[in-house]
Every structure is written in C-alpha cells, then in structure tokens.
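Undergrad: See protein-v9.pdb below, with PDB, C-alpha atoms.
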```
ATOM      1  CA  MET J  65     -30.231 -43.449  47.358
ATOM      2  CA  ALA J  66     -31.855 -44.162  44.023
ATOM      3  CA  ALA J  67     -33.452 -47.566  43.699
ATOM      4  CA  THR J  68     -31.720 -50.051  41.426
ATOM      5  CA  PRO J  69     -33.865 -50.658  38.321
ATOM      6  CA  ALA J  70     -35.549 -54.029  38.371
ATOM      7  CA  PRO J  71     -34.259 -56.480  35.770
ATOM      8  CA  PRO J  72     -36.584 -57.076  32.824
ATOM      9  CA  THR J  73     -39.172 -59.749  33.521
ATOM     10  CA  THR J  74     -39.057 -61.087  29.959
ATOM     11  CA  ALA J  75     -35.916 -62.225  28.180
ATOM     12  CA  PRO J  76     -35.609 -60.623  24.765
ATOM     13  CA  GLY J  77     -36.244 -62.634  21.655
ATOM     14  CA  THR J  78     -33.598 -63.224  18.999
ATOM     15  CA  LEU J  79     -33.143 -61.237  15.796
ATOM     16  CA  TYR J  80     -32.531 -63.715  12.980
ATOM     17  CA  LEU J  81     -30.897 -62.465   9.780
ATOM     18  CA  VAL J  82     -32.780 -64.438   7.144
ATOM     19  CA  PRO J  83     -31.159 -64.708   3.696
ATOM     20  CA  ALA J  84     -33.399 -64.555   0.639
ATOM     21  CA  PRO J  85     -32.777 -66.321  -2.694
ATOM     22  CA  LEU J  86     -30.931 -64.327  -5.343
ATOM     23  CA  ASP J  87     -33.678 -64.609  -7.961
ATOM     24  CA  HIS J  88     -35.574 -61.428  -7.007
ATOM     25  CA  GLY J  89     -36.974 -59.842 -10.165
ATOM     26  CA  CYS J  90     -36.011 -62.797 -12.372
ATOM     27  CA  ASP J  91     -38.455 -64.573 -14.670
ATOM     28  CA  THR J  92     -37.526 -68.024 -13.369
ATOM     29  CA  LEU J  93     -37.419 -68.740  -9.633
ATOM     30  CA  THR J  94     -34.902 -71.139  -8.119
ATOM     31  CA  PRO J  95     -36.394 -73.942  -5.972
ATOM     32  CA  LEU J  96     -36.134 -72.581  -2.453
ATOM     33  CA  ASP J  97     -34.687 -75.705  -0.880
ATOM     34  CA  ASP J  98     -31.903 -75.679  -3.497
ATOM     35  CA  VAL J  99     -30.445 -72.450  -2.080
ATOM     36  CA  LEU J 100     -31.626 -72.294   1.551
ATOM     37  CA  PRO J 101     -30.806 -75.070   4.037
ATOM     38  CA  ARG J 102     -33.671 -76.835   5.764
ATOM     39  CA  GLY J 103     -32.610 -75.364   9.107
ATOM     40  CA  THR J 104     -32.890 -71.826   7.729
ATOM     41  CA  LEU J 105     -36.319 -72.585   6.284
ATOM     42  CA  ARG J 106     -37.543 -74.116   9.559
ATOM     43  CA  THR J 107     -36.406 -71.113  11.574
ATOM     44  CA  ALA J 108     -37.932 -68.630   9.131
ATOM     45  CA  ALA J 109     -41.219 -70.548   9.076
ATOM     46  CA  ARG J 110     -41.742 -70.202  12.824
ATOM     47  CA  LEU J 111     -41.164 -66.433  12.900
ATOM     48  CA  THR J 112     -44.169 -64.110  12.849
ATOM     49  CA  TYR J 113     -42.494 -60.717  13.351
ATOM     50  CA  TRP J 114     -40.456 -59.275  10.473
ATOM     51  CA  ILE J 115     -38.421 -56.228   9.506
ATOM     52  CA  CYS J 116     -37.904 -55.984   5.774
ATOM     53  CA  GLU J 117     -36.854 -53.878   2.834
ATOM     54  CA  ASN J 118     -40.186 -54.328   1.061
ATOM     55  CA  ALA J 119     -43.331 -55.869   2.542
ATOM     56  CA  LYS J 120     -44.577 -57.202  -0.795
ATOM     57  CA  SER J 121     -41.274 -59.019  -1.416
ATOM     58  CA  ALA J 122     -41.247 -60.327   2.168
ATOM     59  CA  ARG J 123     -44.741 -61.796   1.770
ATOM     60  CA  ALA J 124     -43.742 -63.387  -1.542
ATOM     61  CA  LEU J 125     -40.762 -65.039   0.194
ATOM     62  CA  LEU J 126     -42.936 -66.229   3.077
ATOM     63  CA  LYS J 127     -45.359 -67.749   0.582
ATOM     64  CA  ARG J 128     -42.479 -69.689  -0.984
ATOM     65  CA  ILE J 129     -41.267 -70.799   2.454
ATOM     66  CA  ASP J 130     -44.778 -71.967   3.345
ATOM     67  CA  ALA J 131     -44.733 -74.343   0.372
ATOM     68  CA  VAL J 132     -41.675 -76.069   1.875
ATOM     69  CA  GLU J 133     -42.089 -75.518   5.631
ATOM     70  CA  PRO J 134     -45.584 -74.548   6.879
ATOM     71  CA  LEU J 135     -45.658 -71.105   8.460
ATOM     72  CA  ALA J 136     -46.503 -70.722  12.141
ATOM     73  CA  ALA J 137     -49.049 -68.025  11.207
ATOM     74  CA  THR J 138     -50.917 -67.176   8.025
ATOM     75  CA  LEU J 139     -49.556 -64.510   5.699
ATOM     76  CA  GLN J 140     -52.322 -62.176   6.875
ATOM     77  CA  ALA J 141     -51.288 -62.677  10.511
ATOM     78  CA  GLN J 142     -47.582 -61.974   9.948
ATOM     79  CA  GLN J 143     -46.395 -58.714  11.537
ATOM     80  CA  ILE J 144     -44.241 -57.013   8.887
ATOM     81  CA  ALA J 145     -42.535 -53.620   9.251
ATOM     82  CA  GLU J 146     -40.666 -51.900   6.403
ATOM     83  CA  LEU J 147     -37.444 -49.944   6.643
ATOM     84  CA  PRO J 148     -37.917 -46.309   5.508
ATOM     85  CA  ARG J 149     -37.280 -45.455   1.867
ATOM     86  CA  ALA J 150     -34.483 -43.073   2.856
ATOM     87  CA  VAL J 151     -32.590 -46.024   4.304
ATOM     88  CA  HIS J 152     -32.896 -47.867   0.974
ATOM     89  CA  LYS J 153     -31.547 -44.899  -0.986
ATOM     90  CA  LYS J 154     -28.735 -43.699   1.289
ATOM     91  CA  GLY J 155     -27.885 -46.820   3.254
ATOM     92  CA  ASP J 156     -28.117 -47.071   7.011
ATOM     93  CA  HIS J 157     -24.587 -47.913   8.092
ATOM     94  CA  THR J 158     -23.440 -44.338   8.826
ATOM     95  CA  GLY J 159     -26.426 -42.830  10.634
ATOM     96  CA  ALA J 160     -26.654 -40.106   7.970
ATOM     97  CA  THR J 161     -30.414 -40.625   7.599
ATOM     98  CA  GLY J 162     -31.059 -40.010  11.290
ATOM     99  CA  PHE J 163     -33.059 -43.246  11.386
ATOM    100  CA  ASP J 164     -33.605 -44.839  14.803
ATOM    101  CA  ALA J 165     -34.193 -48.559  14.350
ATOM    102  CA  ARG J 166     -34.888 -49.335  18.018
ATOM    103  CA  PRO J 167     -38.697 -48.983  17.814
ATOM    104  CA  LEU J 168     -38.747 -51.724  15.159
ATOM    105  CA  LEU J 169     -37.419 -54.151  17.765
ATOM    106  CA  ALA J 170     -40.266 -53.703  20.256
ATOM    107  CA  ALA J 171     -41.494 -57.242  19.649
ATOM    108  CA  ALA J 172     -38.027 -58.658  20.375
ATOM    109  CA  LEU J 173     -37.871 -56.715  23.643
ATOM    110  CA  ALA J 174     -41.254 -58.258  24.510
ATOM    111  CA  GLY J 175     -39.760 -61.730  24.088
ATOM    112  CA  HIS J 176     -40.659 -62.543  20.480
ATOM    113  CA  ASP J 177     -38.124 -63.818  17.952
ATOM    114  CA  MET J 178     -37.922 -61.641  14.847
ATOM    115  CA  GLY J 179     -36.595 -61.934  11.299
ATOM    116  CA  LEU J 180     -34.707 -59.332   9.281
ATOM    117  CA  VAL J 181     -34.909 -59.936   5.529
ATOM    118  CA  SER J 182     -33.965 -58.053   2.359
ATOM    119  CA  GLU J 183     -35.093 -58.641  -1.214
ATOM    120  CA  ALA J 184     -32.132 -60.843  -2.148
ATOM    121  CA  GLY J 185     -29.205 -62.376  -0.322
ATOM    122  CA  MET J 186     -28.099 -61.615   3.235
ATOM    123  CA  PRO J 187     -29.689 -58.570   4.887
ATOM    124  CA  ALA J 188     -27.249 -55.795   5.841
ATOM    125  CA  VAL J 189     -24.686 -57.022   3.267
ATOM    126  CA  ALA J 190     -24.941 -54.843   0.138
ATOM    127  CA  ASP J 191     -28.479 -54.165   1.399
ATOM    128  CA  PRO J 192     -30.075 -52.081   4.167
ATOM    129  CA  GLY J 193     -30.478 -53.490   7.671
ATOM    130  CA  SER J 194     -27.241 -52.714   9.492
ATOM    131  CA  SER J 195     -28.998 -50.098  11.646
ATOM    132  CA  VAL J 196     -31.414 -52.787  12.863
ATOM    133  CA  VAL J 197     -28.524 -55.104  13.717
ATOM    134  CA  ARG J 198     -26.680 -52.323  15.595
ATOM    135  CA  ALA J 199     -29.856 -51.429  17.485
ATOM    136  CA  ALA J 200     -30.353 -55.074  18.455
ATOM    137  CA  HIS J 201     -26.855 -55.258  19.916
ATOM    138  CA  ALA J 202     -27.372 -51.989  21.792
ATOM    139  CA  LEU J 203     -30.660 -53.259  23.259
ATOM    140  CA  GLY J 204     -29.258 -56.629  24.290
ATOM    141  CA  VAL J 205     -31.217 -58.541  21.647
ATOM    142  CA  PRO J 206     -29.243 -61.602  20.456
ATOM    143  CA  VAL J 207     -28.401 -61.582  16.737
ATOM    144  CA  VAL J 208     -28.128 -64.824  14.748
ATOM    145  CA  PRO J 209     -27.295 -64.869  11.003
ATOM    146  CA  LEU J 210     -28.810 -67.835   9.183
ATOM    147  CA  VAL J 211     -27.107 -69.717   6.359
ATOM    148  CA  GLY J 212     -27.953 -68.781   2.775
ATOM    149  CA  PRO J 213     -26.582 -67.285  -0.447
ATOM    150  CA  VAL J 214     -24.381 -64.169  -0.390
ATOM    151  CA  SER J 215     -23.723 -63.056  -3.969
ATOM    152  CA  LEU J 216     -20.511 -61.178  -3.155
ATOM    153  CA  LEU J 217     -18.773 -64.228  -1.698
ATOM    154  CA  LEU J 218     -20.071 -66.530  -4.422
ATOM    155  CA  ALA J 219     -18.686 -64.125  -7.038
ATOM    156  CA  LEU J 220     -15.351 -63.788  -5.247
ATOM    157  CA  ALA J 221     -14.927 -67.549  -4.985
ATOM    158  CA  ALA J 222     -15.736 -67.974  -8.693
ATOM    159  CA  SER J 223     -13.440 -65.156  -9.843
ATOM    160  CA  GLY J 224     -10.028 -66.705  -9.234
ATOM    161  CA  LEU J 225      -8.951 -63.346  -7.782
ATOM    162  CA  ASN J 226      -7.447 -62.648  -4.351
ATOM    163  CA  GLY J 227      -9.809 -64.024  -1.710
ATOM    164  CA  GLN J 228      -7.467 -63.104   1.158
ATOM    165  CA  ASN J 229      -7.708 -59.356   0.607
ATOM    166  CA  PHE J 230     -10.804 -57.851  -1.001
ATOM    167  CA  ALA J 231     -13.181 -54.904  -0.736
ATOM    168  CA  PHE J 232     -16.800 -54.365  -1.711
ATOM    169  CA  VAL J 233     -17.303 -50.835  -3.060
ATOM    170  CA  GLY J 234     -21.018 -50.777  -3.874
ATOM    171  CA  TYR J 235     -22.185 -49.308  -7.174
ATOM    172  CA  LEU J 236     -20.179 -47.420  -9.790
ATOM    173  CA  PRO J 237     -21.305 -43.893 -10.732
ATOM    174  CA  GLN J 238     -23.952 -43.725 -13.453
ATOM    175  CA  GLU J 239     -22.454 -40.763 -15.329
ATOM    176  CA  ALA J 240     -19.971 -42.015 -17.934
ATOM    177  CA  THR J 241     -17.009 -39.761 -17.091
ATOM    178  CA  GLU J 242     -17.359 -40.265 -13.341
ATOM    179  CA  ARG J 243     -17.724 -43.992 -13.866
ATOM    180  CA  ALA J 244     -14.537 -44.187 -15.947
ATOM    181  CA  ASP J 245     -12.634 -42.196 -13.300
ATOM    182  CA  ARG J 246     -13.895 -44.529 -10.583
ATOM    183  CA  ILE J 247     -12.916 -47.604 -12.586
ATOM    184  CA  ARG J 248      -9.376 -46.261 -13.046
ATOM    185  CA  ALA J 249      -9.089 -45.473  -9.326
ATOM    186  CA  LEU J 250     -10.258 -48.954  -8.302
ATOM    187  CA  GLU J 251      -7.923 -50.576 -10.816
ATOM    188  CA  ALA J 252      -4.958 -48.565  -9.533
ATOM    189  CA  LEU J 253      -5.759 -49.650  -5.971
ATOM    190  CA  ALA J 254      -6.123 -53.298  -7.009
ATOM    191  CA  LEU J 255      -2.854 -53.314  -8.964
ATOM    192  CA  ARG J 256      -0.956 -51.486  -6.216
ATOM    193  CA  THR J 257      -2.160 -53.594  -3.277
ATOM    194  CA  GLY J 258      -3.378 -56.856  -4.799
ATOM    195  CA  GLN J 259      -6.775 -56.224  -3.201
ATOM    196  CA  THR J 260      -9.712 -57.541  -5.239
ATOM    197  CA  GLN J 261     -12.337 -54.847  -5.882
ATOM    198  CA  LEU J 262     -15.952 -56.053  -5.946
ATOM    199  CA  PHE J 263     -18.973 -54.047  -7.085
ATOM    200  CA  ILE J 264     -22.529 -54.643  -8.237
ATOM    201  CA  GLU J 265     -24.957 -53.182 -10.746
ATOM    202  CA  ALA J 266     -28.652 -53.274 -11.528
ATOM    203  CA  PRO J 267     -29.373 -55.688 -14.404
ATOM    204  CA  TYR J 268     -30.612 -52.954 -16.767
ATOM    205  CA  ARG J 269     -27.210 -51.199 -16.527
ATOM    206  CA  ASN J 270     -25.083 -54.313 -16.954
ATOM    207  CA  ALA J 271     -24.379 -53.745 -20.653
ATOM    208  CA  ALA J 272     -23.188 -50.161 -20.093
ATOM    209  CA  VAL J 273     -21.035 -51.121 -17.094
ATOM    210  CA  LEU J 274     -19.412 -54.064 -18.845
ATOM    211  CA  GLN J 275     -18.643 -51.921 -21.891
ATOM    212  CA  ALA J 276     -17.110 -49.220 -19.674
ATOM    213  CA  LEU J 277     -14.959 -51.775 -17.847
ATOM    214  CA  VAL J 278     -13.676 -53.397 -21.024
ATOM    215  CA  GLN J 279     -12.889 -50.017 -22.598
ATOM    216  CA  THR J 280     -11.314 -48.408 -19.511
ATOM    217  CA  LEU J 281      -9.304 -51.120 -17.763
ATOM    218  CA  LYS J 282      -5.764 -52.033 -18.776
ATOM    219  CA  PRO J 283      -5.476 -55.067 -21.104
ATOM    220  CA  SER J 284      -3.613 -57.093 -18.454
ATOM    221  CA  THR J 285      -6.141 -56.503 -15.651
ATOM    222  CA  GLN J 286      -8.299 -59.484 -14.668
ATOM    223  CA  LEU J 287     -12.045 -58.834 -14.942
ATOM    224  CA  ALA J 288     -14.542 -61.323 -13.510
ATOM    225  CA  VAL J 289     -18.315 -61.223 -13.947
ATOM    226  CA  CYS J 290     -20.633 -63.429 -11.889
ATOM    227  CA  ALA J 291     -24.096 -63.184 -13.450
ATOM    228  CA  GLY J 292     -27.174 -64.815 -11.941
ATOM    229  CA  ALA J 293     -25.470 -66.624  -9.073
ATOM    230  CA  THR J 294     -27.475 -69.722  -7.975
ATOM    231  CA  LEU J 295     -29.806 -69.442 -11.003
ATOM    232  CA  ALA J 296     -30.059 -72.166 -13.632
ATOM    233  CA  GLN J 297     -28.696 -69.784 -16.293
ATOM    234  CA  ALA J 298     -25.829 -68.475 -14.136
ATOM    235  CA  CYS J 299     -22.564 -67.592 -15.862
ATOM    236  CA  ASN J 300     -19.127 -66.983 -14.291
ATOM    237  CA  THR J 301     -16.424 -65.563 -16.555
ATOM    238  CA  SER J 302     -12.976 -64.361 -15.429
ATOM    239  CA  LEU J 303     -10.398 -63.294 -18.039
ATOM    240  CA  ARG J 304      -7.828 -60.629 -18.836
ATOM    241  CA  VAL J 305      -9.403 -57.516 -20.310
ATOM    242  CA  ALA J 306      -7.494 -58.131 -23.543
ATOM    243  CA  ASP J 307      -9.438 -61.384 -23.909
ATOM    244  CA  TRP J 308     -12.745 -59.658 -23.152
ATOM    245  CA  ARG J 309     -11.987 -57.211 -25.973
ATOM    246  CA  ARG J 310     -11.381 -60.042 -28.449
ATOM    247  CA  ARG J 311     -14.600 -61.888 -27.575
ATOM    248  CA  ALA J 312     -17.905 -60.064 -27.873
ATOM    249  CA  ASP J 313     -19.837 -63.269 -27.125
ATOM    250  CA  LEU J 314     -18.453 -63.996 -23.651
ATOM    251  CA  LEU J 315     -21.697 -62.956 -21.955
ATOM    252  CA  PRO J 316     -24.833 -63.771 -23.954
ATOM    253  CA  GLU J 317     -27.611 -61.194 -23.943
ATOM    254  CA  GLN J 318     -29.843 -63.294 -21.695
ATOM    255  CA  VAL J 319     -27.044 -63.476 -19.111
ATOM    256  CA  ARG J 320     -26.351 -59.744 -19.219
ATOM    257  CA  ALA J 321     -29.891 -59.146 -17.955
ATOM    258  CA  LEU J 322     -29.246 -61.060 -14.706
ATOM    259  CA  PRO J 323     -28.172 -59.593 -11.336
ATOM    260  CA  SER J 324     -24.374 -59.411 -11.549
ATOM    261  CA  VAL J 325     -21.302 -58.933  -9.383
ATOM    262  CA  TYR J 326     -18.052 -57.638 -10.914
ATOM    263  CA  ALA J 327     -14.513 -58.105  -9.659
ATOM    264  CA  ILE J 328     -11.199 -56.686 -10.829
ATOM    265  CA  GLY J 329      -7.656 -57.421  -9.758
ATOM    266  CA  PRO J 330      -4.146 -58.187 -10.966
TER     267      PRO J 330
END
```
Show me this structure written as structure tokens.

TA:
Amino acid sequence: MAATPAPPTTAPGTLYLVPAPLDHGCDTLTPLDDVLPRGTLRTAARLTYWICENAKSARALLKRIDAVEPLAATLQAQQIAELPRAVHKKGDHTGATGFDARPLLAAALAGHDMGLVSEAGMPAVADPGSSVVRAAHALGVPVVPLVGPVSLLLALAASGLNGQNFAFVGYLPQEATERADRIRALEALALRTGQTQLFIEAPYRNAAVLQALVQTLKPSTQLAVCAGATLAQACNTSLRVADWRRRADLLPEQVRALPSVYAIGP
C-alpha cells in the first residue's frame, strides 16, 4: 500500500491583491492616502514578495507607500517578479499563452505572504493577473483582495446607466471600420437588453474613440465618459449622443488626455 503523503510542514502564505492608484502615466500624482485606505497601505508595506505587471512601476508604487507607511524591507531587498510580456498583450484569463503561473507562487508555498499588483487599479480586473489568482486557488494559497480604486466601477457609478446589468468589453478595435462595426454591435446589445457596455482606451486614442462614438451611435443613446477617475482634474460626463454632437466643449483637451472609461446604454 502506498504511503499517504505527509501534510506540508509550513502553512502557505496569503496572496494579497493590492490595488494601485489610477494616476499611472499622469503628470500629477494623487496623494496615496487619498485613494488607498490605511489598512491597504499597512498590508502592502509589510509584504516583501511581489508579482507585478512591470517591476519599475511596482518599485515606484512601493516608494510612494514607504512615504506613508514604512516598508518592512528596503526597495533593493524587495523580491519582485514580472508577468511575461505575452500575458500583457494577450491577457491571461483563457490560458491561450500557455503561461504557468504556479512557479511565481513559490514564496507563498514556503509560508511568505505575497502581493499581486498591476500598474493601475485592481490587478486581474482589466489588467493581467488572473492566471496568478487561479494558480493560488489551485495550490491552496489564500487570496485576499484589498480595498482600492477600480476605474470600471467608479465610471459605472458616475454614468447614471444600468448598474444592475453591465458588461466590460475591453478595448475597441483600432481600425476605423472595425471600430465602427463594434460600436454598432455593442449599442444594439445595450438597446436590446438594457445592459450597460463598458470599455476603456489608452489616453492617446481618446480623441479618435470619442469622435467615433459620437459619429456612430444613435442620437438617443446615452454615452458616458469617466476621464481621470480619482484625479484632481477628473471629469464625468453622461449625455445623449445628440447633446454630445451639439457641444464640442464637453471634454476639454486636458481631460481627453487622461485615462478614460466609456459606457453606453439606453
């Protein structure tokens, strides 16, 4: 008879999902304790093992945390592992990249608490990291999301659109014809079902996306734009497309350059 495997001698650590402020890439940074609760900052400050989207961004965040809550280890002593570039480009929620996240959790299996962080907002929500979370569950590593800003929910709440039934659909196509077709398809779904459709765009494409939305959507469709959520210059605008067409000044140029979330619905 085969011997029963001995139970592990060390309890696994916890994987904490650490939200980052939404000001990544912006000229003006939001005070960290304005957007992250003290409990989140305290937990992040004591972690020394990290999985991140970008090591440089992770160190910059840790430096900001250190100014509010002293880190348990110096920046140089922090153990930081990056997710592969392929995961950034293709996402890691389907397994299409063939990426195995389990080796990244070796420290957690050895009993150390770890942090998962992206460049902005909640990791694994509109950002890579879901493969790490799935691997943690499979390995018996507890997963704890910490409180912090999530741009999609902030935008939804500020839109006045249906918050009981909504979908996040990622990015629109970059090519103009494909983008217009996708906008029409999302609008048809929203008008047929009442489901709010949420999507995001890189700041340098905001002007083109907003123009495409205003030109393509029906005049009676509601279009909401949440630009720069949590930033001092944030702007939330939600109007019928007909009103967007009449007002070219609804989003000033400085606001159009901010990270933005879009929402459409009836």

Undergrad: Which residue is closest to Asp98 in chain J? Choose from J:Leu210, J:Leu168, J:Met178, J:Leu295 and count only C-alpha atoms.

TA: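 When distances to Asp98 in chain J are compared using only C-alpha atoms, the smallest one comes from J:Leu295.
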
Undergrad: Please determine, counting only C-alpha atoms, which residue among J:Tyr268, J:Phe230, J:Tyr113, J:Phe263 has the shortest atom-to-atom distance to Ala170 in chain J.

TA: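 Comparing J:Tyr268, J:Phe230, J:Tyr113, J:Phe263 against Ala170 in chain J, the winner is J:Tyr113.
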
Undergrad: Excluding Thr92 in chain J and any residue of its chain fewer than 6 positions from it, enumerate the residues within 12 Å of it, using all atoms listed in the file, and give them as a list of chain:residue names.

TA: J:Pro85, J:Leu86, J:Gly292, J:Thr294, J:Leu295, J:Ala296, J:Gln297, J:Ala298, J:Leu322

Undergrad: Work out how far CA of Leu255 in chain J is from CA of Glu242 in chain J, in Å to one decimal.

TA: 20.0 Å

Undergrad: Would you kindly translate the PyMOL selection byres ((chain J and resi 308) around 12) into the concrete residues it picks from this file, as a ChimeraX atom specification?

TA: /J:274-289,301-307,309-315

Undergrad: Show me the residues close to (-43.6, -52.5, 3.2) - anything with an atom within 12 Å, counting only C-alpha atoms - and format the list as a list in words.

TA: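 Nearby residues: Trp114, Ile115, Cys116, Glu117, Asn118, Ala119, Lys120, Ser121, Ala122, Arg123, Ala124, Gln143, Ile144, Ala145, Glu146, Leu147, Pro148, Arg149, His152, Val181, Ser182 and Glu183 of chain J.
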
Undergrad: Could you jot down the CA of Asp87 in chain J to CA of Gly103 in chain J separation for me, Å, one decimal place?

TA: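 Between CA of Asp87 in chain J and CA of Gly103 in chain J the gap is 20.2 Å.
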
Undergrad: Excluding Ala293 in chain J and its own-chain neighbours fewer than 6 positions away, which residues fall within 9 Å of it when counting all atoms listed in the file? Please give them as a ChimeraX atom specification.

TA: /J:86-87,213,215,218-219,299-300,322-325

Undergrad: Ranking J:Leu125, J:Ala327, J:Ala190, J:Ile264 by minimum distance to Leu93 in chain J and counting all atoms listed in the file, which one comes first?

TA: J:Leu125

Undergrad: Report the residues retrieved by the PyMOL selection byres ((chain J and resi 77) around 8) from the displayed file, expressed as a PyMOL selection string.

TA: chain J and resi 75-76+78-79+171-178+205-206

Undergrad: Could you save the residues just selected, with C-alpha atoms, as a JSON list (two decimals), keeping the file's coordinate frame?

TA:
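Just written: selection-v2.json:
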```json
[["chain", "number", "residue", "atom", "x", "y", "z"],
["J", 75, "ALA", "CA", -35.92, -62.22, 28.18],
["J", 76, "PRO", "CA", -35.61, -60.62, 24.76],
["J", 78, "THR", "CA", -33.60, -63.22, 19.00],
["J", 79, "LEU", "CA", -33.14, -61.24, 15.80],
["J", 171, "ALA", "CA", -41.49, -57.24, 19.65],
["J", 172, "ALA", "CA", -38.03, -58.66, 20.38],
["J", 173, "LEU", "CA", -37.87, -56.72, 23.64],
["J", 174, "ALA", "CA", -41.25, -58.26, 24.51],
["J", 175, "GLY", "CA", -39.76, -61.73, 24.09],
["J", 176, "HIS", "CA", -40.66, -62.54, 20.48],
["J", 177, "ASP", "CA", -38.12, -63.82, 17.95],
["J", 178, "MET", "CA", -37.92, -61.64, 14.85],
["J", 205, "VAL", "CA", -31.22, -58.54, 21.65],
["J", 206, "PRO", "CA", -29.24, -61.60, 20.46]]
```

Undergrad: What does the distance from CA of Pro83 in chain J to CA of Ala136 in chain J come to in Å, to one decimal?

TA: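 For CA of Pro83 in chain J relative to CA of Ala136 in chain J, the distance reads 18.5 Å.
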
Undergrad: May I ask which of the residues J:Ala249, J:Ala141, J:Leu135, J:Ala108 is the closest one to Pro209 in chain J, counting all atoms listed in the file?

TA: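 Closest residue, counting all atoms listed in the file: J:Ala108.
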
Undergrad: Given the choices J:Tyr80, J:Phe163, J:Phe232, J:Tyr326, which gets closest to Ala266 in chain J if the distance is worked out from all atoms listed in the file?

TA: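 Closest residue, counting all atoms listed in the file: J:Tyr326.
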
Undergrad: Report as a list in words all protein, DNA and RNA residues lying within 12 Å of Asp97 in chain J, evaluated on all atoms listed in the file, omitting residues in the same chain fewer than 6 positions from it.

TA: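 Using all atoms listed in the file, the neighbours found are Ala84, Pro85, Gly103, Thr104, Leu105, Arg106, Arg128, Ile129, Asp130, Ala131, Val132, Glu133, Gly212, Pro213 and Thr294 of chain J.
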
Undergrad: From the options J:Leu216, J:Ala254, J:Val211, J:Arg320, which residue's atoms come nearest to Pro101 in chain J, counting all atoms listed in the file?

TA: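 Among J:Leu216, J:Ala254, J:Val211, J:Arg320, it is J:Val211 that comes nearest to Pro101 in chain J.
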
Undergrad: What would the file be for range 169-181 of chain J if you keep N, CA, C and O atoms and write it as a PDB file, in the first residue's frame?

TA:
```pdb
ATOM      1  N   LEU J 169       4.507  31.515  -7.388  1.00  0.00           N
ATOM      2  CA  LEU J 169       3.945  31.463  -6.044  1.00  0.00           C
ATOM      3  C   LEU J 169       4.787  30.610  -5.090  1.00  0.00           C
ATOM      4  O   LEU J 169       4.314  30.234  -4.017  1.00  0.00           O
ATOM      5  N   ALA J 170       6.031  30.342  -5.474  1.00  0.00           N
ATOM      6  CA  ALA J 170       6.900  29.518  -4.629  1.00  0.00           C
ATOM      7  C   ALA J 170       7.061  30.112  -3.238  1.00  0.00           C
ATOM      8  O   ALA J 170       7.070  29.387  -2.225  1.00  0.00           O
ATOM      9  N   ALA J 171       7.195  31.425  -3.152  1.00  0.00           N
ATOM     10  CA  ALA J 171       7.366  32.051  -1.842  1.00  0.00           C
ATOM     11  C   ALA J 171       6.125  31.862  -0.969  1.00  0.00           C
ATOM     12  O   ALA J 171       6.239  31.646   0.246  1.00  0.00           O
ATOM     13  N   ALA J 172       4.936  31.931  -1.575  1.00  0.00           N
ATOM     14  CA  ALA J 172       3.708  31.715  -0.812  1.00  0.00           C
ATOM     15  C   ALA J 172       3.647  30.284  -0.295  1.00  0.00           C
ATOM     16  O   ALA J 172       3.243  30.041   0.849  1.00  0.00           O
ATOM     17  N   LEU J 173       4.052  29.328  -1.110  1.00  0.00           N
ATOM     18  CA  LEU J 173       4.051  27.927  -0.675  1.00  0.00           C
ATOM     19  C   LEU J 173       5.063  27.703   0.448  1.00  0.00           C
ATOM     20  O   LEU J 173       4.922  26.761   1.235  1.00  0.00           O
ATOM     21  N   ALA J 174       6.085  28.559   0.518  1.00  0.00           N
ATOM     22  CA  ALA J 174       7.077  28.465   1.591  1.00  0.00           C
ATOM     23  C   ALA J 174       6.643  29.223   2.838  1.00  0.00           C
ATOM     24  O   ALA J 174       7.401  29.290   3.818  1.00  0.00           O
ATOM     25  N   GLY J 175       5.436  29.790   2.819  1.00  0.00           N
ATOM     26  CA  GLY J 175       4.898  30.438   4.003  1.00  0.00           C
ATOM     27  C   GLY J 175       4.941  31.947   4.009  1.00  0.00           C
ATOM     28  O   GLY J 175       4.543  32.574   4.994  1.00  0.00           O
ATOM     29  N   HIS J 176       5.401  32.559   2.909  1.00  0.00           N
ATOM     30  CA  HIS J 176       5.501  34.019   2.863  1.00  0.00           C
ATOM     31  C   HIS J 176       4.239  34.625   2.238  1.00  0.00           C
ATOM     32  O   HIS J 176       3.746  34.133   1.223  1.00  0.00           O
ATOM     33  N   ASP J 177       3.749  35.709   2.804  1.00  0.00           N
ATOM     34  CA  ASP J 177       2.682  36.470   2.161  1.00  0.00           C
ATOM     35  C   ASP J 177       3.249  37.166   0.925  1.00  0.00           C
ATOM     36  O   ASP J 177       4.418  37.574   0.895  1.00  0.00           O
ATOM     37  N   MET J 178       2.407  37.309  -0.096  1.00  0.00           N
ATOM     38  CA  MET J 178       2.829  37.911  -1.350  1.00  0.00           C
ATOM     39  C   MET J 178       1.811  38.963  -1.785  1.00  0.00           C
ATOM     40  O   MET J 178       0.643  38.927  -1.371  1.00  0.00           O
ATOM     41  N   GLY J 179       2.250  39.870  -2.657  1.00  0.00           N
ATOM     42  CA  GLY J 179       1.360  40.868  -3.231  1.00  0.00           C
ATOM     43  C   GLY J 179       1.329  40.740  -4.742  1.00  0.00           C
ATOM     44  O   GLY J 179       2.366  40.513  -5.372  1.00  0.00           O
ATOM     45  N   LEU J 180       0.148  40.861  -5.307  1.00  0.00           N
ATOM     46  CA  LEU J 180      -0.023  40.944  -6.764  1.00  0.00           C
ATOM     47  C   LEU J 180      -0.472  42.358  -7.070  1.00  0.00           C
ATOM     48  O   LEU J 180      -1.442  42.860  -6.482  1.00  0.00           O
ATOM     49  N   VAL J 181       0.235  43.037  -7.985  1.00  0.00           N
ATOM     50  CA  VAL J 181      -0.066  44.443  -8.262  1.00  0.00           C
ATOM     51  C   VAL J 181       0.047  44.701  -9.756  1.00  0.00           C
ATOM     52  O   VAL J 181       0.858  44.074 -10.449  1.00  0.00           O
TER      53      VAL J 181
END
```
